[in-house]
Amino acid sequence: MNNWELLEIRESLLRDLAEFIEDNYYGTPAPHEYRRHELDVRLGKKLKFSSSYPQMTIRQRRASDLLLQVGLCGATEYALGTIEDEDQLKHGRERLVKMKGDLADLMRDYDNCLSEEERKLLLRQAKNNSNREESLKDSERDSLLKLVIGMAVGAYCYNPAALKNDAVSDITKDLEELGISISDDTVRKYLIQAAAKFPQARKA
């Protein structure tokens, strides 16, 4: 399952659970990546373990279980980027593999509640997003990646070799102050791509 598919599935889960989500639960602008995962986990736990929602349908219960696991996987994966101890990192990665196995099982349970048309729509939306990302010409994409890595290294002291980078959260915070919402996931993804494409872009 790629990132676009997971994002589309998460949106589907939130639509299914909309009646149980408080107004502005996720806040405005959108929360940082780790905070979003925390909120997903909190909502999933509340719906899973509380007896206050007897009216939930089977589909909604499976949606809440899946949202909880999506949040747990996301939070764990994010946390791994902050761990420097090799033993802890190895243990965390092994735990994440197990969690993603559970995620796949919960995804199958939720998928069984979807109509064929809904499945097709989710796949189509994920594919459209993926194709949109690939639509840039190579030269245009390279130019944008040069700008990304140049500004990240020059202005935010981004170090591609570091296990932990404050640059990602600094960039998203500065963009939010300008009224531009973007997730840490997205920033990190393009920084990694840019660093791989232009490995010479780092401060001495």
# chains A, B, ... in the order shown; residues from 1 in each chain; ligands from 1

call {"tool": "residues_around", "arguments": {"residues": "Ala63 in chain A", "least_positions_apart": "3", "cutoff": "10 Å", "atoms": "only C-alpha atoms", "output": "number ranges by chain"}}
result
A: 9-10, 12-17, 44, 47-48, 57-60, 66-69, 106-107, 109-111, 113

call {"tool": "select_by_dssp", "arguments": {"residues": "range 14-131 of chain A", "states": "alpha helix (DSSP H)", "output": "PyMOL selection string"}}
result
chain A and resi 14-16+33-49+58-80+86-111+116-131

call {"tool": "residues_around", "arguments": {"residues": "Ala155 in chain A", "least_positions_apart": "3", "cutoff": "12 Å", "atoms": "only C-alpha atoms", "output": "JSON, numbers by chain"}}
result
{"A": [147, 148, 149, 150, 151, 152, 158, 159, 167, 168, 170, 171, 174, 202, 203]}

call {"tool": "residues_around", "arguments": {"residues": "range 38-43 of chain A", "least_positions_apart": "6", "cutoff": "12 Å", "atoms": "only C-alpha atoms", "output": "compact mmCIF listing (two decimals) with N, CA and C atoms, in the first residue's frame"}}
result
# COMPACT_ATOMS: atom_id res chain seq x y z
N ARG A 10 -7.57 6.83 4.77
CA ARG A 10 -7.78 7.60 5.99
C ARG A 10 -8.93 8.58 5.81
N GLU A 11 -8.98 9.25 4.67
CA GLU A 11 -10.08 10.18 4.41
C GLU A 11 -11.42 9.45 4.40
N LEU A 13 -12.09 6.75 6.12
CA LEU A 13 -12.38 6.42 7.52
C LEU A 13 -12.98 7.62 8.24
N LEU A 14 -12.41 8.79 8.01
CA LEU A 14 -12.91 9.99 8.68
C LEU A 14 -14.32 10.34 8.21
N LEU A 17 -16.67 8.12 10.06
CA LEU A 17 -16.75 8.42 11.49
C LEU A 17 -17.13 9.87 11.78
N ALA A 18 -17.54 10.60 10.75
CA ALA A 18 -17.76 12.04 10.87
C ALA A 18 -18.73 12.40 12.00
N PHE A 20 -19.06 11.20 14.80
CA PHE A 20 -18.47 11.03 16.13
C PHE A 20 -17.27 11.96 16.36
N ILE A 21 -16.94 12.77 15.37
CA ILE A 21 -15.77 13.65 15.47
C ILE A 21 -16.22 15.06 15.82
N GLU A 22 -15.68 15.60 16.89
CA GLU A 22 -16.04 16.94 17.33
C GLU A 22 -15.62 17.98 16.29
N ASN A 24 -13.82 20.83 14.57
CA ASN A 24 -12.44 21.32 14.65
C ASN A 24 -11.56 20.42 15.51
N TYR A 25 -11.87 19.13 15.53
CA TYR A 25 -11.08 18.17 16.33
C TYR A 25 -9.62 18.18 15.91
N TYR A 26 -9.37 18.25 14.62
CA TYR A 26 -8.00 18.22 14.13
C TYR A 26 -7.38 19.62 14.04
N GLY A 27 -8.18 20.64 14.28
CA GLY A 27 -7.66 22.00 14.31
C GLY A 27 -7.47 22.60 12.94
N ALA A 30 -4.12 22.40 9.50
CA ALA A 30 -3.93 20.98 9.79
C ALA A 30 -2.75 20.80 10.75
N PRO A 31 -2.85 19.85 11.68
CA PRO A 31 -1.78 19.65 12.66
C PRO A 31 -0.52 19.06 12.03
N HIS A 32 0.59 19.20 12.75
CA HIS A 32 1.82 18.57 12.30
C HIS A 32 1.63 17.06 12.25
N PHE A 49 -13.07 1.69 22.69
CA PHE A 49 -13.19 1.21 24.07
C PHE A 49 -14.34 1.85 24.86
N SER A 50 -14.96 2.88 24.31
CA SER A 50 -16.06 3.52 25.03
C SER A 50 -17.37 2.78 24.76
N ARG A 61 -17.32 0.59 13.20
CA ARG A 61 -16.43 -0.02 14.19
C ARG A 61 -15.12 -0.47 13.52
N ALA A 63 -13.92 0.86 10.87
CA ALA A 63 -13.23 2.10 10.49
C ALA A 63 -12.46 2.67 11.68
N SER A 64 -13.07 2.63 12.87
CA SER A 64 -12.38 3.17 14.06
C SER A 64 -11.19 2.30 14.44
N ASP A 65 -11.33 0.97 14.30
CA ASP A 65 -10.20 0.08 14.58
C ASP A 65 -9.04 0.35 13.62
N LEU A 66 -9.39 0.56 12.36
CA LEU A 66 -8.36 0.81 11.35
C LEU A 66 -7.71 2.17 11.56
N LEU A 67 -8.50 3.18 11.90
CA LEU A 67 -7.94 4.51 12.15
C LEU A 67 -6.96 4.47 13.33
N LEU A 68 -7.32 3.74 14.36
CA LEU A 68 -6.43 3.58 15.52
C LEU A 68 -5.09 2.98 15.08
N GLN A 69 -5.14 1.95 14.25
CA GLN A 69 -3.91 1.29 13.82
C GLN A 69 -3.11 2.17 12.86
N VAL A 70 -3.80 2.90 12.01
CA VAL A 70 -3.11 3.84 11.11
C VAL A 70 -2.34 4.88 11.93
N GLY A 71 -2.99 5.39 12.98
CA GLY A 71 -2.34 6.37 13.84
C GLY A 71 -1.15 5.79 14.58
N LEU A 72 -1.31 4.57 15.10
CA LEU A 72 -0.22 3.92 15.82
C LEU A 72 0.99 3.68 14.91
N CYS A 73 0.72 3.20 13.70
CA CYS A 73 1.82 2.96 12.75
C CYS A 73 2.51 4.26 12.38
N GLY A 74 1.71 5.29 12.12
CA GLY A 74 2.29 6.58 11.75
C GLY A 74 3.12 7.19 12.86
N ALA A 75 2.60 7.13 14.10
CA ALA A 75 3.33 7.69 15.23
C ALA A 75 4.63 6.93 15.49
N THR A 76 4.57 5.60 15.36
CA THR A 76 5.76 4.78 15.58
C THR A 76 6.81 5.06 14.51
N TYR A 78 7.16 7.75 12.75
CA TYR A 78 7.70 9.09 12.98
C TYR A 78 8.72 9.06 14.11
N ALA A 79 8.39 8.36 15.19
CA ALA A 79 9.28 8.30 16.36
C ALA A 79 10.61 7.64 16.02

call {"tool": "atom_distance", "arguments": {"atom1": "CA of Ala104 in chain A", "atom2": "CA of Gly92 in chain A"}}
result
18.4 Å

call {"tool": "closest_residue", "arguments": {"among": "A:Met56, A:Lys45, A:Ser139, A:Glu77", "to": "Asp185 in chain A", "atoms": "only C-alpha atoms"}}
result
A:Glu77

call {"tool": "atom_distance", "arguments": {"atom1": "CA of Lys120 in chain A", "atom2": "CA of Asp102 in chain A"}}
result
23.4 Å

call {"tool": "atom_distance", "arguments": {"atom1": "CA of Pro54 in chain A", "atom2": "CA of Met99 in chain A"}}
result
27.4 Å

call {"tool": "residues_around", "arguments": {"residues": "Thr186 in chain A", "least_positions_apart": "5", "cutoff": "12 Å", "atoms": "only C-alpha atoms", "output": "count of residues only"}}
result
15

call {"tool": "decode", "arguments": {"residues": "range 10-39 of chain A", "atoms": "N, CA, C and O atoms", "output": "PDB file, in the first residue's frame"}}
result
ATOM      1  N   ARG A  10      -7.567   6.833   4.766  1.00  0.00           N
ATOM      2  CA  ARG A  10      -7.784   7.598   5.995  1.00  0.00           C
ATOM      3  C   ARG A  10      -8.930   8.584   5.814  1.00  0.00           C
ATOM      4  O   ARG A  10      -9.767   8.763   6.712  1.00  0.00           O
ATOM      5  N   GLU A  11      -8.984   9.252   4.668  1.00  0.00           N
ATOM      6  CA  GLU A  11     -10.080  10.182   4.406  1.00  0.00           C
ATOM      7  C   GLU A  11     -11.422   9.453   4.403  1.00  0.00           C
ATOM      8  O   GLU A  11     -12.431   9.972   4.890  1.00  0.00           O
ATOM      9  N   SER A  12     -11.435   8.251   3.863  1.00  0.00           N
ATOM     10  CA  SER A  12     -12.660   7.447   3.862  1.00  0.00           C
ATOM     11  C   SER A  12     -13.071   7.092   5.289  1.00  0.00           C
ATOM     12  O   SER A  12     -14.254   7.144   5.647  1.00  0.00           O
ATOM     13  N   LEU A  13     -12.090   6.749   6.122  1.00  0.00           N
ATOM     14  CA  LEU A  13     -12.376   6.422   7.523  1.00  0.00           C
ATOM     15  C   LEU A  13     -12.981   7.621   8.242  1.00  0.00           C
ATOM     16  O   LEU A  13     -13.956   7.485   8.995  1.00  0.00           O
ATOM     17  N   LEU A  14     -12.410   8.789   8.012  1.00  0.00           N
ATOM     18  CA  LEU A  14     -12.910   9.994   8.678  1.00  0.00           C
ATOM     19  C   LEU A  14     -14.322  10.344   8.210  1.00  0.00           C
ATOM     20  O   LEU A  14     -15.137  10.838   8.999  1.00  0.00           O
ATOM     21  N   ARG A  15     -14.615  10.072   6.951  1.00  0.00           N
ATOM     22  CA  ARG A  15     -15.987  10.302   6.471  1.00  0.00           C
ATOM     23  C   ARG A  15     -16.958   9.345   7.165  1.00  0.00           C
ATOM     24  O   ARG A  15     -18.058   9.736   7.565  1.00  0.00           O
ATOM     25  N   ASP A  16     -16.547   8.095   7.308  1.00  0.00           N
ATOM     26  CA  ASP A  16     -17.403   7.110   7.975  1.00  0.00           C
ATOM     27  C   ASP A  16     -17.659   7.478   9.437  1.00  0.00           C
ATOM     28  O   ASP A  16     -18.720   7.170   9.990  1.00  0.00           O
ATOM     29  N   LEU A  17     -16.673   8.119  10.057  1.00  0.00           N
ATOM     30  CA  LEU A  17     -16.755   8.415  11.492  1.00  0.00           C
ATOM     31  C   LEU A  17     -17.135   9.866  11.777  1.00  0.00           C
ATOM     32  O   LEU A  17     -17.083  10.303  12.932  1.00  0.00           O
ATOM     33  N   ALA A  18     -17.539  10.597  10.749  1.00  0.00           N
ATOM     34  CA  ALA A  18     -17.764  12.043  10.872  1.00  0.00           C
ATOM     35  C   ALA A  18     -18.727  12.404  12.004  1.00  0.00           C
ATOM     36  O   ALA A  18     -18.528  13.404  12.704  1.00  0.00           O
ATOM     37  N   GLU A  19     -19.761  11.602  12.207  1.00  0.00           N
ATOM     38  CA  GLU A  19     -20.757  11.952  13.227  1.00  0.00           C
ATOM     39  C   GLU A  19     -20.207  11.848  14.650  1.00  0.00           C
ATOM     40  O   GLU A  19     -20.810  12.364  15.594  1.00  0.00           O
ATOM     41  N   PHE A  20     -19.064  11.197  14.803  1.00  0.00           N
ATOM     42  CA  PHE A  20     -18.468  11.029  16.132  1.00  0.00           C
ATOM     43  C   PHE A  20     -17.270  11.960  16.364  1.00  0.00           C
ATOM     44  O   PHE A  20     -16.652  11.920  17.427  1.00  0.00           O
ATOM     45  N   ILE A  21     -16.942  12.771  15.371  1.00  0.00           N
ATOM     46  CA  ILE A  21     -15.771  13.648  15.472  1.00  0.00           C
ATOM     47  C   ILE A  21     -16.223  15.060  15.823  1.00  0.00           C
ATOM     48  O   ILE A  21     -17.062  15.646  15.132  1.00  0.00           O
ATOM     49  N   GLU A  22     -15.676  15.600  16.890  1.00  0.00           N
ATOM     50  CA  GLU A  22     -16.043  16.942  17.331  1.00  0.00           C
ATOM     51  C   GLU A  22     -15.619  17.978  16.293  1.00  0.00           C
ATOM     52  O   GLU A  22     -14.651  17.785  15.556  1.00  0.00           O
ATOM     53  N   ASP A  23     -16.349  19.085  16.260  1.00  0.00           N
ATOM     54  CA  ASP A  23     -15.998  20.175  15.354  1.00  0.00           C
ATOM     55  C   ASP A  23     -14.573  20.648  15.631  1.00  0.00           C
ATOM     56  O   ASP A  23     -14.176  20.827  16.788  1.00  0.00           O
ATOM     57  N   ASN A  24     -13.824  20.834  14.570  1.00  0.00           N
ATOM     58  CA  ASN A  24     -12.442  21.325  14.654  1.00  0.00           C
ATOM     59  C   ASN A  24     -11.557  20.416  15.506  1.00  0.00           C
ATOM     60  O   ASN A  24     -10.604  20.877  16.145  1.00  0.00           O
ATOM     61  N   TYR A  25     -11.868  19.130  15.527  1.00  0.00           N
ATOM     62  CA  TYR A  25     -11.084  18.172  16.325  1.00  0.00           C
ATOM     63  C   TYR A  25      -9.617  18.183  15.915  1.00  0.00           C
ATOM     64  O   TYR A  25      -8.718  18.140  16.759  1.00  0.00           O
ATOM     65  N   TYR A  26      -9.374  18.252  14.620  1.00  0.00           N
ATOM     66  CA  TYR A  26      -7.995  18.224  14.131  1.00  0.00           C
ATOM     67  C   TYR A  26      -7.378  19.621  14.041  1.00  0.00           C
ATOM     68  O   TYR A  26      -6.195  19.752  13.767  1.00  0.00           O
ATOM     69  N   GLY A  27      -8.185  20.643  14.281  1.00  0.00           N
ATOM     70  CA  GLY A  27      -7.662  22.001  14.311  1.00  0.00           C
ATOM     71  C   GLY A  27      -7.466  22.603  12.935  1.00  0.00           C
ATOM     72  O   GLY A  27      -7.519  21.929  11.916  1.00  0.00           O
ATOM     73  N   THR A  28      -7.243  23.914  12.934  1.00  0.00           N
ATOM     74  CA  THR A  28      -6.972  24.665  11.714  1.00  0.00           C
ATOM     75  C   THR A  28      -5.817  25.623  11.988  1.00  0.00           C
ATOM     76  O   THR A  28      -5.874  26.391  12.949  1.00  0.00           O
ATOM     77  N   PRO A  29      -4.763  25.606  11.177  1.00  0.00           N
ATOM     78  CA  PRO A  29      -4.540  24.718  10.029  1.00  0.00           C
ATOM     79  C   PRO A  29      -4.314  23.276  10.473  1.00  0.00           C
ATOM     80  O   PRO A  29      -4.308  22.991  11.671  1.00  0.00           O
ATOM     81  N   ALA A  30      -4.119  22.404   9.496  1.00  0.00           N
ATOM     82  CA  ALA A  30      -3.930  20.983   9.794  1.00  0.00           C
ATOM     83  C   ALA A  30      -2.749  20.800  10.747  1.00  0.00           C
ATOM     84  O   ALA A  30      -1.752  21.515  10.661  1.00  0.00           O
ATOM     85  N   PRO A  31      -2.851  19.847  11.680  1.00  0.00           N
ATOM     86  CA  PRO A  31      -1.778  19.651  12.658  1.00  0.00           C
ATOM     87  C   PRO A  31      -0.523  19.063  12.033  1.00  0.00           C
ATOM     88  O   PRO A  31      -0.562  18.502  10.939  1.00  0.00           O
ATOM     89  N   HIS A  32       0.586  19.205  12.746  1.00  0.00           N
ATOM     90  CA  HIS A  32       1.824  18.572  12.300  1.00  0.00           C
ATOM     91  C   HIS A  32       1.630  17.061  12.253  1.00  0.00           C
ATOM     92  O   HIS A  32       0.723  16.515  12.881  1.00  0.00           O
ATOM     93  N   GLU A  33       2.507  16.418  11.539  1.00  0.00           N
ATOM     94  CA  GLU A  33       2.377  14.984  11.277  1.00  0.00           C
ATOM     95  C   GLU A  33       2.184  14.161  12.552  1.00  0.00           C
ATOM     96  O   GLU A  33       1.234  13.378  12.660  1.00  0.00           O
ATOM     97  N   TYR A  34       3.077  14.329  13.537  1.00  0.00           N
ATOM     98  CA  TYR A  34       2.994  13.494  14.736  1.00  0.00           C
ATOM     99  C   TYR A  34       1.718  13.784  15.515  1.00  0.00           C
ATOM    100  O   TYR A  34       1.073  12.866  16.031  1.00  0.00           O
ATOM    101  N   ARG A  35       1.334  15.051  15.585  1.00  0.00           N
ATOM    102  CA  ARG A  35       0.105  15.427  16.281  1.00  0.00           C
ATOM    103  C   ARG A  35      -1.109  14.805  15.595  1.00  0.00           C
ATOM    104  O   ARG A  35      -2.041  14.347  16.256  1.00  0.00           O
ATOM    105  N   ARG A  36      -1.088  14.763  14.273  1.00  0.00           N
ATOM    106  CA  ARG A  36      -2.192  14.145  13.535  1.00  0.00           C
ATOM    107  C   ARG A  36      -2.310  12.666  13.893  1.00  0.00           C
ATOM    108  O   ARG A  36      -3.400  12.150  14.111  1.00  0.00           O
ATOM    109  N   HIS A  37      -1.163  11.993  13.961  1.00  0.00           N
ATOM    110  CA  HIS A  37      -1.183  10.581  14.344  1.00  0.00           C
ATOM    111  C   HIS A  37      -1.736  10.413  15.761  1.00  0.00           C
ATOM    112  O   HIS A  37      -2.517   9.491  16.028  1.00  0.00           O
ATOM    113  N   GLU A  38      -1.317  11.285  16.665  1.00  0.00           N
ATOM    114  CA  GLU A  38      -1.813  11.226  18.045  1.00  0.00           C
ATOM    115  C   GLU A  38      -3.331  11.376  18.097  1.00  0.00           C
ATOM    116  O   GLU A  38      -4.016  10.660  18.834  1.00  0.00           O
ATOM    117  N   LEU A  39      -3.842  12.315  17.317  1.00  0.00           N
ATOM    118  CA  LEU A  39      -5.286  12.557  17.305  1.00  0.00           C
ATOM    119  C   LEU A  39      -6.039  11.378  16.702  1.00  0.00           C
ATOM    120  O   LEU A  39      -7.133  11.026  17.157  1.00  0.00           O
TER     121      LEU A  39
END
